[in-house]
Amino acid sequence: MAINQEAYKELELIVGKRWISQDIAERECYRSIMAESSAHSGPYDGETPLPGAVILPGSTEEVQAIVKICNKYDIHFKACSTFWSVMGFIGDDDSLQIDMKRMKKMEFHERDQYVIVEPYCIGAVVQVEAMKRGFNVNMAGVGCSSSTLAGASSWVAFGPSSCFMGVASENFLAVEWVLPNGDLLRTGTLGSGGDWFCGEGPGPSVRAILRGAQGTAGSFGVCTRLAVRLHPWPGPTCLPTYGTVPAYKLVPTWNLKTYTLNFPDWDGYANTINFLSQNQDIAYLGHRQYNMWGRYIKLAMIKLLIEPGGQLADLPKYMADPFIKEQTEKCRIDLQVVIVGMTKRDLEWKEKAIDEILRRVGGWKNEFMLQPEVHDWVLLYLLRLGHKNLNYTLCSSYEGSGGLSNNVFVTSKVMEEYHELREEFDKTHNGLAATGGDSEMGALSTLGGGGITGYEFFQWFDRHDRESVKGCCDFIQNYSQKLCDKYGFGADMGNWNMTARHPDTGYYYTQDEQNAMFVNSPQPGLQIYQYLVKKAFNPLDLCGSYYRTLDPEYWEANHK
Amino acid sequence: MALKDFRAMMERDSYCNSCKWIPYDKIKSQRFAENCPTNLYYQFHLYSVRGKWQAGQTYLDTQEGTIGKDELIKQYPYDFNTAPEFLESVQSCMACGSCDVSCKICRFNLEPLAYNIELKNEAILRGFILPKQKKMIEALKTEQTMIPNAKKAKRQDWAKGIEFAAKTDTYFYPGCKYSYDPKLKAYAKKAAQTLIDAGVKLGYLGDLDMCCAGRAYQQGFYDEFNERADANIKAFKAKGVKTIVTPCADCYHALKRLYAARGMKVKVLHLVEYLDELIKAGKIKFTKNVNLTVTYHDPCHLGRQGEPYVAWNGKEKKIMHQVHTWDPPRPRYNGANGIYEAPRDVIKAIPGVQLVEMERIREYALCCGAGANAQLNFPELSAATASERITEANSTGADALVTACPWCEANFKNAVDENGKGIEVIDIIDLVARAL
């Protein structure tokens with residue numbers, strides 16, 4: 001339950017008494033109640049194990065020293081900065097939770113267009129400081145409340161701006177990385193004594209190991225500093241707002257516009273995504289954002305959110321409003337885009353490009369979303385991504401399901417089937433918020449290398465209501481996963497995350513358990529390769545099982 | 001509500017960490033982006049309301065004896081004795097409400113501020129009372145003041161020489177800090193005299209003027225607050241009070257919001273509201289230039305917590321199977337209707353004064369560090385918070401920091417910024433008086 005006291009004293013010597021704690025309540029609040037987080041972990045009642053202690057290092061040197069103590073005493077550890085997801089929490093008893101909150105320095109290199117960030121630099125503050133200098137940064141879809149470093153180094157981290165700025169894995173340059181044994185690795189140009197401008201060298205390039213497609217989710221030591229690319233920002237140096245709390249809006253600026261594009265069918269939608277991805281200078285941001293609340297309520301939700309006194313109880317009233325009703329129906333298949341004019345002519349060209357795309361696919365701009373106050377609210381929302389907590393607003397918890405990670409022409413074909421599946425479910429079950437079948441969010445924002453798009457199919461449930469919890473589990477395990485299986489979309493996100501820790505206890509899986517889990521997976525080479533990487537970089541396996549591995553010897557002997 | 005009534009909120013909270021930041025849409029720099037004084041100081045998760053939502057669940061499980069009901073999930077019981085940091089996180093919270101504002105940007109079903117104060121009450125009920133709190137409560141009971149060692153007999157000294165109206169229904173209510181603090185008494189006098197000079201028939205409660213007990217409430221002393229509030233409400237009624245004007249932000253909040261919840265029907269104005277009205281009506285005329293660049297600090301209890309009370313009695317009602325609403329709709333205190341414009345309009349009306357804003361203002365202003373009596377209970381934390389705010393004030397280039405609350409003022413007057421530099425702290429009453 002508590003870590004070795006000799007080790008504790010040594011850790012205390014590193015950071016000082018003030019920055020380490022083994023108070024039982026302190027440790028308790030570093031447990032993740034898995035259903036509350038966005039970790040897509042079930043069965044929604046579980047909690048991650050209690051850490052043996054919590055420590056807050058203040059520098060890379062302190063992190064190194066901490067990790068070395070962990071190696072010396074065989075203490076499992078996990079570092080996290082903003083704790084949005086269950087994957088940042090420890091998964092074994094007596095482990096050390098490293099909270100990176102004290103490390104939040106930023107260093108801008110305007111000439112070379114990058115910024116070096118420490119772990120607790122959240123997206124909002126990196127963006128704010130970048131905009132002062134005429135730049136912007138790729139904001140991970142998790143929102144501006146999360147760590148820029150964690151998004152870039154450790155997890156998928158697509159975002160609405162990825163269509164212009166690239167996905168997270170394309171945005172980081174050199175990295176300062178405390179390896180699981182406490183050694184310090186400086187990657188890319190930094191590793192050859194140069195600046196941070198290139199992650200690939202000269203100097204060690206380990207992008208494939210550190211990141212890969214999805215990242216190691218903090219299972220490989222601690223990234224303490226990382227350089228991310230800066231992108232052009234021709235907007236104001238500080239986003240000026242108007243409006244009363246909580247309905248803040250962006251003061252209109254001549255070269256910033258947002259449109260909600262509507263389509264008569266999914267082909268038009270997919271073709272638009274295709275146009276925009278092939279002409280990446282048209283849209284500065286692109287995302288199917290507000291559909292996350294559900295097809296029937298999304299515009300009513302926006303209406304109540306732009307009103308300072310808006311309440312969820314207003315939803316039925318707004319849904320019955322004839323204009324909102326009409327526009328909601330027209331907004332069934334939608335995509336939000338932001339266009340940014342670098343010059344007046346550039347803006348005119350982008351406006352024309354959007355109009356031409358709509359003409360070709362038979363689409364239109366949603367009129368409700370063109371209303372000035374709505375426009376200004378949406379623009380601020382998309383640029384800052386400061387409303388992450390709206391993921392919880394309807395009934396306190398949500399789960400992403402659907403597994404629609406594939407080419408947009410493939411995924412868009414099955415959207416209506418997902419919609420109908422949820423509608424049918426809601427007719428006979430009360431566990432999920434019945435907000436309109438299709439609640440798929442994503443697409444253009446997740447377009448990474450290879451043309452893969454991704455979605456989250458939001459299921460809203462109430463963690464305080466056990467029947468609602470069961471309803472969510474039921475839908476994900478018995479309905480949406482079956483559709484994933486039918487089309488070969490791989491694991492539903494909810495189920496996929498359950499391969500990283502025990503869903504009931506929150507413990508990480510052992511290698512034996514992972515072997516049994518992955519021995520007959522369709523592409524075992526992925527887990528086998530990761531096993532070999534882990535053997536080289538993380539032989540003591542101190543940081544958990546989010547990095548899926550399969551022992552090749554076990555596979556040879558046991559696979560079917 | 002009792003602590004157990006917060007169970008649903010504890011379970012419905014999320015890991016967004018919004019409670020540690022000013023609203024993300026309002027962030028202007030990394031330096032002044034964080035909002036929670038205790039989390040800024042202690043840094044650990046527990047010292048945020050997010051941490052306390054989580055810790056409170058196991059605490060409650062322990063109290064209710066339900067711990068370990070699920071064999072799969074290991075739980076470890078604790079209370080304030082066995083988890084002293086939990087107790088400290090509860091007691092050190094300044095009840096400033098900044099987490100409440102940030103949370104409610106997106107959430108409709110959480111009440112972080114009410115929960116923080118409920119936890120404080122829970123600690124008191126379990127016998128965990130800090131030494132300075134004991135003295136404060138003793139003073140409240142014996143001398144009807146929040147100021148330890150102050151004597152009832154001296155409470156009216158500040159008012160000597162002022163000719164209050166004998167027959168009126170509008171009364172001046174200075175509050176304990178202005179009544180006793182030797183450095184602030186003069187401002188109470190100036191405030192009352194300014195109103196009288198502007199033609200207000202202003203009365204003073206004299207022997208009936210006693211502590212509002214708002215700061216007792218902030219620290220979770222519900223019983224003591226209720227006793228004092230009910231006595232005051234009775235006294236106001238007996239005296240025929242229809243309007244109260246107070247220069248103290250804490251008194252304002254107590255009277256306007258907490259007393260209203262206990263049935264008081266008196267109209268409550270903060271001095272700045274009345275001054276603003278009188279200036280705009282031409283009843284206060286300025287004759288001198290005050291050549292100063294100033295920045296204004298929004299007191300928590302005048303700003304985000306200064307919203308009017310709205311009576312509500314309802315229950316949760318789910319629509320669309322699981323969407324949370326209340327029937328009837330519940331008032332949503334989120335700082336939208338606090339007092340922000342009146343003090344700014346007063347300052348801007350003074351000839352020669354230029355107002356420059358800090359980054360954390362209005363509903364997302366940083367606390368001064370004196371909330372919930374932190375200046376006495378946790379002096380180091382309180383000083384660090386004041387220093388943080390002075391640093392922000394100095395970053396504006398202002399000559400002076402103006403405020404409309406004596407508790408903020410006193411806490412700032414002893415503080416310096418992170419570079420050891422202070423700033424002139426001016427009571428808004430004094431600023432007005434300088435121009436008359």
# chains A, B, ... in the order shown; residues from 1 in each chain; ligands from 1

$ residues_around --residues "A:Arg18" --least-positions-apart "4" --cutoff "10 Å" --atoms "only C-alpha atoms" --output "mmCIF file with N, CA and C atoms, in the first residue's frame"
data_model
loop_
_atom_site.group_PDB
_atom_site.id
_atom_site.type_symbol
_atom_site.label_atom_id
_atom_site.label_comp_id
_atom_site.auth_asym_id
_atom_site.auth_seq_id
_atom_site.Cartn_x
_atom_site.Cartn_y
_atom_site.Cartn_z
ATOM 1 N N GLU A 12 12.428 11.800 -1.182
ATOM 2 C CA GLU A 12 12.223 13.057 -0.455
ATOM 3 C C GLU A 12 13.461 13.945 -0.547
ATOM 4 N N ILE A 55 4.640 12.282 -6.299
ATOM 5 C CA ILE A 55 5.813 13.154 -6.272
ATOM 6 C C ILE A 55 5.714 14.191 -7.392
ATOM 7 N N LEU A 56 6.170 15.409 -7.111
ATOM 8 C CA LEU A 56 6.121 16.494 -8.090
ATOM 9 C C LEU A 56 7.538 16.996 -8.359
ATOM 10 N N TYR B 42 -0.010 24.974 -3.199
ATOM 11 C CA TYR B 42 0.330 23.599 -2.800
ATOM 12 C C TYR B 42 0.644 22.698 -4.004
ATOM 13 N N GLN B 43 0.050 23.001 -5.146
ATOM 14 C CA GLN B 43 0.262 22.287 -6.409
ATOM 15 C C GLN B 43 -0.374 20.897 -6.482
ATOM 16 N N PHE B 44 -0.405 20.174 -5.401
ATOM 17 C CA PHE B 44 -0.959 18.822 -5.455
ATOM 18 C C PHE B 44 -2.436 18.857 -5.847
#

$ interface_residues --of "chain B" --to "chain A" --cutoff "7 Å" --atoms "only C-alpha atoms" --output "VMD selection string"
chain B and resid 8 11 to 16 24 to 25 28 to 30 45 to 46 51 54 to 55 72 to 73 83 85 to 86 105 to 108 320 to 326 329 336

$ select_by_dssp --residues "stretch 54-259 of chain B" --states "strand (DSSP E)" --output "ChimeraX atom specification"
/B:170-172,202-204,243-246

$ write_last_selection --atoms "C-alpha atoms" --output "tab-separated table (two decimals), in the first residue's frame"
chain	number	residue	atom	x	y	z
B	170	THR	CA	-31.56	53.59	4.63
B	171	TYR	CA	-28.75	52.47	6.88
B	172	PHE	CA	-25.00	52.39	6.62
B	202	LEU	CA	-28.35	57.89	5.96
B	203	GLY	CA	-28.87	56.17	9.26
B	204	TYR	CA	-26.62	54.07	11.45
B	243	THR	CA	-32.07	49.60	2.39
B	244	ILE	CA	-28.58	48.76	3.61
B	245	VAL	CA	-25.45	50.31	2.14
B	246	THR	CA	-22.20	48.61	2.96

$ residues_around --residues "B:Cys367" --least-positions-apart "3" --cutoff "9 Å" --atoms "only C-alpha atoms" --output "ChimeraX atom specification"
/B:35-37,94,96-98,297-300,370-371,385-386,389,408

$ select_by_dssp --residues "stretch 178-377 of chain B" --states "helix (DSSP H, G or I)" --output "PyMOL selection string"
chain B and resi 178-180+185-197+206-208+214-218+222-239+249-261+271-280+341-349+362-364+371-377

$ write_last_selection --atoms "C-alpha atoms" --output "PDB file, in the first residue's frame"
ATOM      1  CA  TYR B 178     -13.992  49.076   8.777  1.00  0.00           C
ATOM      2  CA  SER B 179     -15.322  49.481  12.283  1.00  0.00           C
ATOM      3  CA  TYR B 180     -12.229  48.252  14.095  1.00  0.00           C
ATOM      4  CA  LYS B 185     -11.789  53.361  10.151  1.00  0.00           C
ATOM      5  CA  ALA B 186     -11.240  56.675   8.440  1.00  0.00           C
ATOM      6  CA  TYR B 187     -12.570  55.272   5.167  1.00  0.00           C
ATOM      7  CA  ALA B 188     -15.816  54.218   6.795  1.00  0.00           C
ATOM      8  CA  LYS B 189     -16.194  57.735   7.998  1.00  0.00           C
ATOM      9  CA  LYS B 190     -15.423  59.186   4.572  1.00  0.00           C
ATOM     10  CA  ALA B 191     -17.882  56.817   2.938  1.00  0.00           C
ATOM     11  CA  ALA B 192     -20.738  57.735   5.237  1.00  0.00           C
ATOM     12  CA  GLN B 193     -19.963  61.445   5.031  1.00  0.00           C
ATOM     13  CA  THR B 194     -19.792  61.329   1.225  1.00  0.00           C
ATOM     14  CA  LEU B 195     -23.241  59.788   1.042  1.00  0.00           C
ATOM     15  CA  ILE B 196     -24.666  62.272   3.541  1.00  0.00           C
ATOM     16  CA  ASP B 197     -23.081  65.174   1.649  1.00  0.00           C
ATOM     17  CA  GLY B 206     -25.716  52.058  16.534  1.00  0.00           C
ATOM     18  CA  ASP B 207     -26.107  49.420  19.207  1.00  0.00           C
ATOM     19  CA  LEU B 208     -27.819  47.149  16.685  1.00  0.00           C
ATOM     20  CA  GLY B 214     -20.415  36.121   6.517  1.00  0.00           C
ATOM     21  CA  ARG B 215     -16.820  35.134   7.137  1.00  0.00           C
ATOM     22  CA  ALA B 216     -17.993  32.514   9.609  1.00  0.00           C
ATOM     23  CA  TYR B 217     -20.111  31.048   6.827  1.00  0.00           C
ATOM     24  CA  GLN B 218     -17.145  31.066   4.444  1.00  0.00           C
ATOM     25  CA  TYR B 222     -23.168  27.321   9.640  1.00  0.00           C
ATOM     26  CA  ASP B 223     -24.741  27.318  13.089  1.00  0.00           C
ATOM     27  CA  GLU B 224     -22.890  30.401  14.233  1.00  0.00           C
ATOM     28  CA  PHE B 225     -23.724  32.186  10.999  1.00  0.00           C
ATOM     29  CA  ASN B 226     -27.389  31.268  11.171  1.00  0.00           C
ATOM     30  CA  GLU B 227     -27.709  32.431  14.754  1.00  0.00           C
ATOM     31  CA  ARG B 228     -26.154  35.811  13.999  1.00  0.00           C
ATOM     32  CA  ALA B 229     -27.979  36.253  10.696  1.00  0.00           C
ATOM     33  CA  ASP B 230     -31.366  35.582  12.266  1.00  0.00           C
ATOM     34  CA  ALA B 231     -30.645  38.022  15.091  1.00  0.00           C
ATOM     35  CA  ASN B 232     -29.599  40.697  12.611  1.00  0.00           C
ATOM     36  CA  ILE B 233     -32.602  40.123  10.358  1.00  0.00           C
ATOM     37  CA  LYS B 234     -34.840  40.517  13.387  1.00  0.00           C
ATOM     38  CA  ALA B 235     -33.063  43.720  14.383  1.00  0.00           C
ATOM     39  CA  PHE B 236     -33.306  45.171  10.864  1.00  0.00           C
ATOM     40  CA  LYS B 237     -37.014  44.457  10.836  1.00  0.00           C
ATOM     41  CA  ALA B 238     -37.542  46.056  14.199  1.00  0.00           C
ATOM     42  CA  LYS B 239     -35.674  49.133  13.086  1.00  0.00           C
ATOM     43  CA  ALA B 249     -17.748  43.105  -0.030  1.00  0.00           C
ATOM     44  CA  ASP B 250     -18.071  40.280   2.477  1.00  0.00           C
ATOM     45  CA  CYS B 251     -20.955  41.970   4.274  1.00  0.00           C
ATOM     46  CA  TYR B 252     -22.551  42.661   0.915  1.00  0.00           C
ATOM     47  CA  HIS B 253     -22.482  38.995  -0.026  1.00  0.00           C
ATOM     48  CA  ALA B 254     -23.721  37.874   3.355  1.00  0.00           C
ATOM     49  CA  LEU B 255     -26.603  40.310   3.434  1.00  0.00           C
ATOM     50  CA  LYS B 256     -27.587  40.163  -0.202  1.00  0.00           C
ATOM     51  CA  ARG B 257     -27.260  36.482  -0.800  1.00  0.00           C
ATOM     52  CA  LEU B 258     -27.093  34.538   2.455  1.00  0.00           C
ATOM     53  CA  TYR B 259     -29.557  36.650   4.455  1.00  0.00           C
ATOM     54  CA  ALA B 260     -31.947  36.707   1.525  1.00  0.00           C
ATOM     55  CA  ALA B 261     -31.878  32.918   1.593  1.00  0.00           C
ATOM     56  CA  LEU B 271     -21.193  51.451  -1.558  1.00  0.00           C
ATOM     57  CA  VAL B 272     -19.846  51.447  -5.118  1.00  0.00           C
ATOM     58  CA  GLU B 273     -23.318  50.861  -6.505  1.00  0.00           C
ATOM     59  CA  TYR B 274     -24.669  53.820  -4.561  1.00  0.00           C
ATOM     60  CA  LEU B 275     -21.702  56.039  -5.442  1.00  0.00           C
ATOM     61  CA  ASP B 276     -22.109  55.140  -9.099  1.00  0.00           C
ATOM     62  CA  GLU B 277     -25.775  56.049  -8.930  1.00  0.00           C
ATOM     63  CA  LEU B 278     -25.072  59.362  -7.206  1.00  0.00           C
ATOM     64  CA  ILE B 279     -22.266  60.280  -9.592  1.00  0.00           C
ATOM     65  CA  LYS B 280     -24.428  59.546 -12.613  1.00  0.00           C
ATOM     66  CA  GLU B 341     -19.350  47.775 -13.854  1.00  0.00           C
ATOM     67  CA  ALA B 342     -20.263  50.008 -10.921  1.00  0.00           C
ATOM     68  CA  PRO B 343     -16.772  50.181  -9.365  1.00  0.00           C
ATOM     69  CA  ARG B 344     -15.194  50.641 -12.784  1.00  0.00           C
ATOM     70  CA  ASP B 345     -17.629  53.416 -13.652  1.00  0.00           C
ATOM     71  CA  VAL B 346     -16.847  55.151 -10.366  1.00  0.00           C
ATOM     72  CA  ILE B 347     -13.119  54.958 -11.028  1.00  0.00           C
ATOM     73  CA  LYS B 348     -13.471  56.131 -14.607  1.00  0.00           C
ATOM     74  CA  ALA B 349     -15.599  59.084 -13.520  1.00  0.00           C
ATOM     75  CA  ARG B 362     -14.375  40.264 -13.110  1.00  0.00           C
ATOM     76  CA  GLU B 363     -15.799  36.762 -12.624  1.00  0.00           C
ATOM     77  CA  TYR B 364     -12.373  35.180 -13.025  1.00  0.00           C
ATOM     78  CA  GLY B 371     -10.897  34.584   1.760  1.00  0.00           C
ATOM     79  CA  ALA B 372     -12.259  32.343   4.509  1.00  0.00           C
ATOM     80  CA  ASN B 373      -9.943  34.097   6.955  1.00  0.00           C
ATOM     81  CA  ALA B 374      -6.845  32.581   5.345  1.00  0.00           C
ATOM     82  CA  GLN B 375      -4.800  35.579   6.455  1.00  0.00           C
ATOM     83  CA  LEU B 376      -5.162  34.317  10.031  1.00  0.00           C
ATOM     84  CA  ASN B 377      -5.506  30.576   9.515  1.00  0.00           C
TER      85      ASN B 377
END

$ closest_residue --among "B:Arg262, B:Arg126, B:Lys285, B:Lys152" --to "B:Val432" --atoms "only C-alpha atoms"
B:Lys285

$ atom_distance --atom1 "atom CA of A:Thr224" --atom2 "atom CA of A:Tyr73"
22.1 Å

$ residues_around --residues "A:Ala168" --least-positions-apart "4" --cutoff "7 Å" --atoms "only C-alpha atoms" --output "MDAnalysis selection string"
chainID A and resid 151:152 156:158 172

$ closest_residue --among "A:Met441, A:Ile297, A:Leu550, A:Ile476" --to "A:Pro524" --atoms "only C-alpha atoms"
A:Leu550

$ residues_around --residues "A:Gly88" --least-positions-apart "6" --cutoff "10 Å" --atoms "only C-alpha atoms" --output "PyMOL selection string"
chain A and resi 30-32+39+78-82+97-99+150+217-219+546

$ write_last_selection --atoms "C-alpha atoms" --output "PDB file, in the first residue's frame"
ATOM      1  CA  TYR A  30      -4.566  10.319  -7.954  1.00  0.00           C
ATOM      2  CA  ARG A  31      -6.738   7.326  -8.702  1.00  0.00           C
ATOM      3  CA  SER A  32      -8.841   7.403 -11.806  1.00  0.00           C
ATOM      4  CA  ALA A  39     -10.481   6.593 -21.119  1.00  0.00           C
ATOM      5  CA  LYS A  78       3.905   6.625 -14.237  1.00  0.00           C
ATOM      6  CA  ALA A  79       4.250  10.284 -15.116  1.00  0.00           C
ATOM      7  CA  CYS A  80       1.303  12.439 -16.083  1.00  0.00           C
ATOM      8  CA  SER A  81       0.628  16.145 -16.438  1.00  0.00           C
ATOM      9  CA  THR A  82      -3.053  16.907 -16.754  1.00  0.00           C
ATOM     10  CA  GLN A  97       2.629   8.573  -9.399  1.00  0.00           C
ATOM     11  CA  ILE A  98       4.735  11.350 -10.874  1.00  0.00           C
ATOM     12  CA  ASP A  99       2.750  14.564 -11.304  1.00  0.00           C
ATOM     13  CA  ALA A 150       1.810  14.696 -23.757  1.00  0.00           C
ATOM     14  CA  ALA A 217       0.862   6.428 -23.535  1.00  0.00           C
ATOM     15  CA  GLY A 218       3.556   7.178 -20.998  1.00  0.00           C
ATOM     16  CA  SER A 219       4.780   3.603 -20.797  1.00  0.00           C
ATOM     17  CA  TYR A 546      -0.416   0.542 -22.406  1.00  0.00           C
TER      18      TYR A 546
END
